[in-house]
Amino acid sequence: MDAENTAQSLGQLRDHMATGLIGHELLIERLLIGLLTGGHLLIEGAPGLAKTRAVKWLADAVDGGFSRIQCTPDLLPADLTGTPVFRPQSGDFEFVPGPVFHNLVLVDEINRAPPKVQSALLEAMAENQVTSGNETHALPDPFLVVATQNPIEHEGTFPLPEAQLDRFLMHVVLGLPNAETERRILDLVEAEGQGANVSPVRLALADVRAARQAAMSVHLSSPLRDYIVRLVTATRSDPFASDIDHPVSPRGSLALAAASKARAWLEGRDHALPEDVQTVAPDALAHRVVMTWRATADGRTARALIADVLDAVEPL
Ligand SMILES: Nc1ncnc2c1ncn2[C@@H]1O[C@H](COP(=O)(O)OP(=O)(O)O)[C@@H](O)[C@H]1O
Ligand SMILES: [Mg+2]
C-alpha cells in the first residue's frame, strides 16, 4: 500500500470503529495516534465502558500479534516478560518469551499488578527490549501497549508511580455515557447479537510502519514548536508553578509534538495546526504534572490546570 492508500484505510478503520464504539470518537482517535506514533496509551475509566472492546477492534484490523494480559496482585514480572527454561536435550537455558512479545499488548487493569510487574512492563515500554539474565531480547516492531485502569481505588490496587506515568504518550480518561448514548449502545448490542466484528480493513505491519513514517514527517512549523514549548514551560513558571510539585518534562514536549503530527495526519493534512496541539494537549500533558498536596486538597486537578494553561497561552 502507498501512503495515500494507507491514509484511506486508516480513515475507513476509524469509521468502522465508530460504528461499534458508540460515542468513543475521541478514544478511537487516541488509539490511532498511539498506532501512528508508537506511543503507549493509558486508558482510565469505569468497568464496562468498552475499553477492552476498543483495543480488540483495533487489533482485529492490524496484522501481527495481539496479546491480552489480565493483571492480578499475584502476577510476577516473568509472567509478562518471559522466563529462561532449562532444555535437558541441549543442557542449555532457552528464553521463552512472555505475552509482552506481541505487536499490540493490552494490559488490563494495570493498577492491580504489583509494583515489580509494573516496573518490568514500563521498562520494556521505554527500552523496547526485555533483559533476562545476561541476554536482551528485542520487542517486535511496531510495539504498542494499551493499558487500562479503573479510576476507583479498590483495596489491593497499586497506583502507578508518577515517574512512570510519564512513559505513556497519552492518558485518556473516559466518562460515563449520557442517556442518549446509553440507548444507542443498547440498540447496537441488540442488533449485533452474537455476530463477531469483521474489520473492513486489514493493515499489514509494513503499512503501519509506512503510515508512521508519513505521519511523523508532517510539518510542524517553527512558531508551532514555540507554542508547544510555551505550553510546557508554563507549568514551570508563575502563576501555575505554585500549584505544581513536578512540572512537565521535555518528554512532554516530545509527546505533544508527536501526537499533534499524528492528529494532523489523521485529519488529512501534511502540516500541523494549533488546533491539533490544543486537542491532544490535555491527554498528552495532564498525567505528567504532579500537583502539590495543597492544590489537590483544594480540588484543583492537573487536567483543569492544563485547561487553564491552554487558555492563558496564545498559540501564535
Ligand atoms: N460505547 C460503547 N459502544 C459499544 N458498546 C459498548 C459501549 N460501552 C459499553 N459497551 C458494551 O459493553 C461491553 C463491555 O465492554 P468491555 O470492553 O468489556 O468494557 P471494559 O473493558 O471497559 O470493562 C461491550 O462488549 C459492549 O457490548
Ligand atoms: Mg476490560
# chains A, B, ... in the order shown; residues from 1 in each chain; ligands from 1
$ select_by_dssp --residues "stretch 67-173 of chain A" --states "strand (DSSP E or B)" --output "number ranges by chain"
A: 67-70, 82-87, 92-97, 104-108, 129-132, 135-138, 144-149, 170-173
$ write_last_selection --atoms "N, CA and C atoms" --output "mmCIF file, in the first residue's frame"
data_model
loop_
_atom_site.group_PDB
_atom_site.id
_atom_site.type_symbol
_atom_site.label_atom_id
_atom_site.label_comp_id
_atom_site.auth_asym_id
_atom_site.auth_seq_id
_atom_site.Cartn_x
_atom_site.Cartn_y
_atom_site.Cartn_z
ATOM 1 N N SER A 67 -1.806 -9.612 22.254
ATOM 2 C CA SER A 67 -1.976 -10.367 23.484
ATOM 3 C C SER A 67 -2.679 -9.526 24.518
ATOM 4 N N ARG A 68 -3.319 -10.226 25.437
ATOM 5 C CA ARG A 68 -4.043 -9.544 26.490
ATOM 6 C C ARG A 68 -3.565 -10.076 27.826
ATOM 7 N N ILE A 69 -3.166 -9.163 28.682
ATOM 8 C CA ILE A 69 -2.687 -9.558 29.996
ATOM 9 C C ILE A 69 -3.656 -9.024 31.032
ATOM 10 N N GLN A 70 -4.270 -9.925 31.771
ATOM 11 C CA GLN A 70 -5.181 -9.502 32.830
ATOM 12 C C GLN A 70 -4.363 -9.412 34.114
ATOM 13 N N GLY A 82 8.648 -13.164 30.256
ATOM 14 C CA GLY A 82 9.157 -14.459 29.805
ATOM 15 C C GLY A 82 10.178 -15.014 30.780
ATOM 16 N N THR A 83 10.527 -16.296 30.578
ATOM 17 C CA THR A 83 11.448 -16.966 31.504
ATOM 18 C C THR A 83 12.433 -17.845 30.757
ATOM 19 N N PRO A 84 13.632 -17.970 31.300
ATOM 20 C CA PRO A 84 14.551 -18.952 30.747
ATOM 21 C C PRO A 84 14.099 -20.352 31.208
ATOM 22 N N VAL A 85 14.004 -21.264 30.265
ATOM 23 C CA VAL A 85 13.570 -22.622 30.597
ATOM 24 C C VAL A 85 14.716 -23.572 30.274
ATOM 25 N N PHE A 86 14.984 -24.503 31.200
ATOM 26 C CA PHE A 86 16.083 -25.437 31.001
ATOM 27 C C PHE A 86 15.689 -26.516 29.999
ATOM 28 N N ARG A 87 16.541 -26.718 28.990
ATOM 29 C CA ARG A 87 16.291 -27.769 27.992
ATOM 30 C C ARG A 87 17.290 -28.889 28.226
ATOM 31 N N ASP A 92 21.042 -26.504 27.989
ATOM 32 C CA ASP A 92 21.077 -25.039 27.996
ATOM 33 C C ASP A 92 19.739 -24.455 28.434
ATOM 34 N N PHE A 93 19.815 -23.180 28.794
ATOM 35 C CA PHE A 93 18.574 -22.465 29.070
ATOM 36 C C PHE A 93 18.107 -21.786 27.792
ATOM 37 N N GLU A 94 16.816 -21.894 27.562
ATOM 38 C CA GLU A 94 16.266 -21.211 26.392
ATOM 39 C C GLU A 94 15.212 -20.233 26.874
ATOM 40 N N PHE A 95 15.282 -19.003 26.377
ATOM 41 C CA PHE A 95 14.335 -17.972 26.802
ATOM 42 C C PHE A 95 12.984 -18.195 26.123
ATOM 43 N N VAL A 96 11.961 -18.338 26.931
ATOM 44 C CA VAL A 96 10.613 -18.456 26.372
ATOM 45 C C VAL A 96 9.911 -17.108 26.548
ATOM 46 N N PRO A 97 9.689 -16.402 25.433
ATOM 47 C CA PRO A 97 9.137 -15.048 25.544
ATOM 48 C C PRO A 97 7.741 -15.034 26.162
ATOM 49 N N LEU A 104 0.750 -5.689 19.554
ATOM 50 C CA LEU A 104 -0.230 -4.907 20.310
ATOM 51 C C LEU A 104 -0.513 -5.653 21.607
ATOM 52 N N VAL A 105 -0.253 -4.990 22.706
ATOM 53 C CA VAL A 105 -0.407 -5.651 24.001
ATOM 54 C C VAL A 105 -1.428 -4.872 24.832
ATOM 55 N N LEU A 106 -2.499 -5.562 25.187
ATOM 56 C CA LEU A 106 -3.499 -4.950 26.067
ATOM 57 C C LEU A 106 -3.201 -5.387 27.500
ATOM 58 N N VAL A 107 -2.903 -4.418 28.341
ATOM 59 C CA VAL A 107 -2.633 -4.724 29.746
ATOM 60 C C VAL A 107 -3.839 -4.234 30.544
ATOM 61 N N ASP A 108 -4.718 -5.186 30.875
ATOM 62 C CA ASP A 108 -5.962 -4.807 31.521
ATOM 63 C C ASP A 108 -5.755 -4.629 33.014
ATOM 64 N N GLN A 129 12.854 -3.472 24.778
ATOM 65 C CA GLN A 129 13.552 -4.747 24.921
ATOM 66 C C GLN A 129 13.339 -5.287 26.330
ATOM 67 N N VAL A 130 13.626 -6.578 26.475
ATOM 68 C CA VAL A 130 13.496 -7.240 27.761
ATOM 69 C C VAL A 130 14.830 -7.872 28.093
ATOM 70 N N THR A 131 15.281 -7.678 29.325
ATOM 71 C CA THR A 131 16.525 -8.304 29.742
ATOM 72 C C THR A 131 16.206 -9.471 30.654
ATOM 73 N N SER A 132 16.795 -10.621 30.331
ATOM 74 C CA SER A 132 16.602 -11.797 31.167
ATOM 75 C C SER A 132 17.978 -12.420 31.353
ATOM 76 N N GLU A 135 21.005 -11.802 28.873
ATOM 77 C CA GLU A 135 20.588 -11.675 27.469
ATOM 78 C C GLU A 135 19.537 -10.587 27.349
ATOM 79 N N THR A 136 19.582 -9.845 26.249
ATOM 80 C CA THR A 136 18.480 -8.919 25.983
ATOM 81 C C THR A 136 17.737 -9.387 24.743
ATOM 82 N N HIS A 137 16.445 -9.212 24.797
ATOM 83 C CA HIS A 137 15.599 -9.662 23.700
ATOM 84 C C HIS A 137 14.790 -8.480 23.193
ATOM 85 N N ALA A 138 14.919 -8.200 21.904
ATOM 86 C CA ALA A 138 14.218 -7.050 21.328
ATOM 87 C C ALA A 138 12.726 -7.345 21.201
ATOM 88 N N LEU A 144 3.129 -1.721 20.633
ATOM 89 C CA LEU A 144 2.243 -0.732 21.251
ATOM 90 C C LEU A 144 1.537 -1.339 22.452
ATOM 91 N N VAL A 145 1.682 -0.680 23.590
ATOM 92 C CA VAL A 145 0.989 -1.122 24.804
ATOM 93 C C VAL A 145 -0.204 -0.211 25.048
ATOM 94 N N VAL A 146 -1.365 -0.827 25.241
ATOM 95 C CA VAL A 146 -2.521 -0.071 25.700
ATOM 96 C C VAL A 146 -2.897 -0.647 27.060
ATOM 97 N N ALA A 147 -2.737 0.164 28.090
ATOM 98 C CA ALA A 147 -3.050 -0.298 29.440
ATOM 99 C C ALA A 147 -4.358 0.332 29.890
ATOM 100 N N THR A 148 -5.145 -0.412 30.634
ATOM 101 C CA THR A 148 -6.374 0.176 31.172
ATOM 102 C C THR A 148 -6.276 0.199 32.681
ATOM 103 N N GLN A 149 -6.938 1.175 33.273
ATOM 104 C CA GLN A 149 -7.033 1.158 34.725
ATOM 105 C C GLN A 149 -8.365 1.711 35.182
ATOM 106 N N MET A 170 -0.034 9.165 26.084
ATOM 107 C CA MET A 170 -1.273 9.848 26.448
ATOM 108 C C MET A 170 -2.032 9.070 27.508
ATOM 109 N N HIS A 171 -2.723 9.819 28.329
ATOM 110 C CA HIS A 171 -3.594 9.262 29.359
ATOM 111 C C HIS A 171 -5.010 9.707 29.002
ATOM 112 N N VAL A 172 -5.826 8.752 28.614
ATOM 113 C CA VAL A 172 -7.180 9.066 28.165
ATOM 114 C C VAL A 172 -8.149 8.728 29.297
ATOM 115 N N VAL A 173 -8.984 9.690 29.659
ATOM 116 C CA VAL A 173 -9.933 9.445 30.743
ATOM 117 C C VAL A 173 -11.342 9.405 30.173
#
$ residues_near_ligand --ligand "ligand 1" --cutoff "7 Å" --atoms "only C-alpha atoms and all ligand atoms" --output "VMD selection string"
chain A and resid 20 to 24 45 to 54 185 188 to 189
$ closest_residue --among "A:Phe101, A:Gly38, A:Arg269, A:Asp141" --to "A:Leu205" --atoms "only C-alpha atoms"
A:Asp141
$ select_by_dssp --residues "stretch 64-159 of chain A" --states "alpha helix (DSSP H)" --output "PyMOL selection string"
chain A and resi 77-81+115-127
$ closest_residue --among "A:Val55, A:Leu36, A:Ala124, A:Leu256" --to "A:Leu10" --atoms "only C-alpha atoms"
A:Leu36
$ closest_residue --among "A:Ala61, A:Val100, A:Ala241, A:Ile110" --to "ligand 2" --atoms "only C-alpha atoms and all ligand atoms"
A:Ile110
$ closest_residue --among "A:Ile228, A:Met216, A:Leu316, A:Ile43" --to "ligand 2" --atoms "only C-alpha atoms and all ligand atoms"
A:Ile43
$ residues_around --residues "A:Asn197" --least-positions-apart "4" --cutoff "10 Å" --atoms "only C-alpha atoms" --output "list of chain:residue names"
A:His16, A:Met17, A:Gly20, A:Lys56, A:Trp57, A:Asp60, A:Ala61, A:Glu192
$ residues_around --residues "A:Thr235" --least-positions-apart "2" --cutoff "9 Å" --atoms "only C-alpha atoms" --output "number ranges by chain"
A: 230-233, 237-241, 244, 246-248, 289, 305-306, 309
$ closest_residue --among "A:Met291, A:Ala163, A:Val208, A:Val218" --to "A:Glu267" --atoms "only C-alpha atoms"
A:Val218
$ atom_distance --atom1 "atom CA of A:Arg202" --atom2 "atom CA of A:Thr19"
16.8 Å
$ atom_distance --atom1 "atom CA of A:Asp207" --atom2 "atom CA of A:Val277"
25.4 Å
$ atom_distance --atom1 "atom CA of A:Leu32" --atom2 "atom CA of A:Leu266"
8.2 Å
$ closest_residue --among "A:Asn150, A:Asn5, A:Pro99, A:Val62" --to "ligand 2" --atoms "only C-alpha atoms and all ligand atoms"
A:Asn150
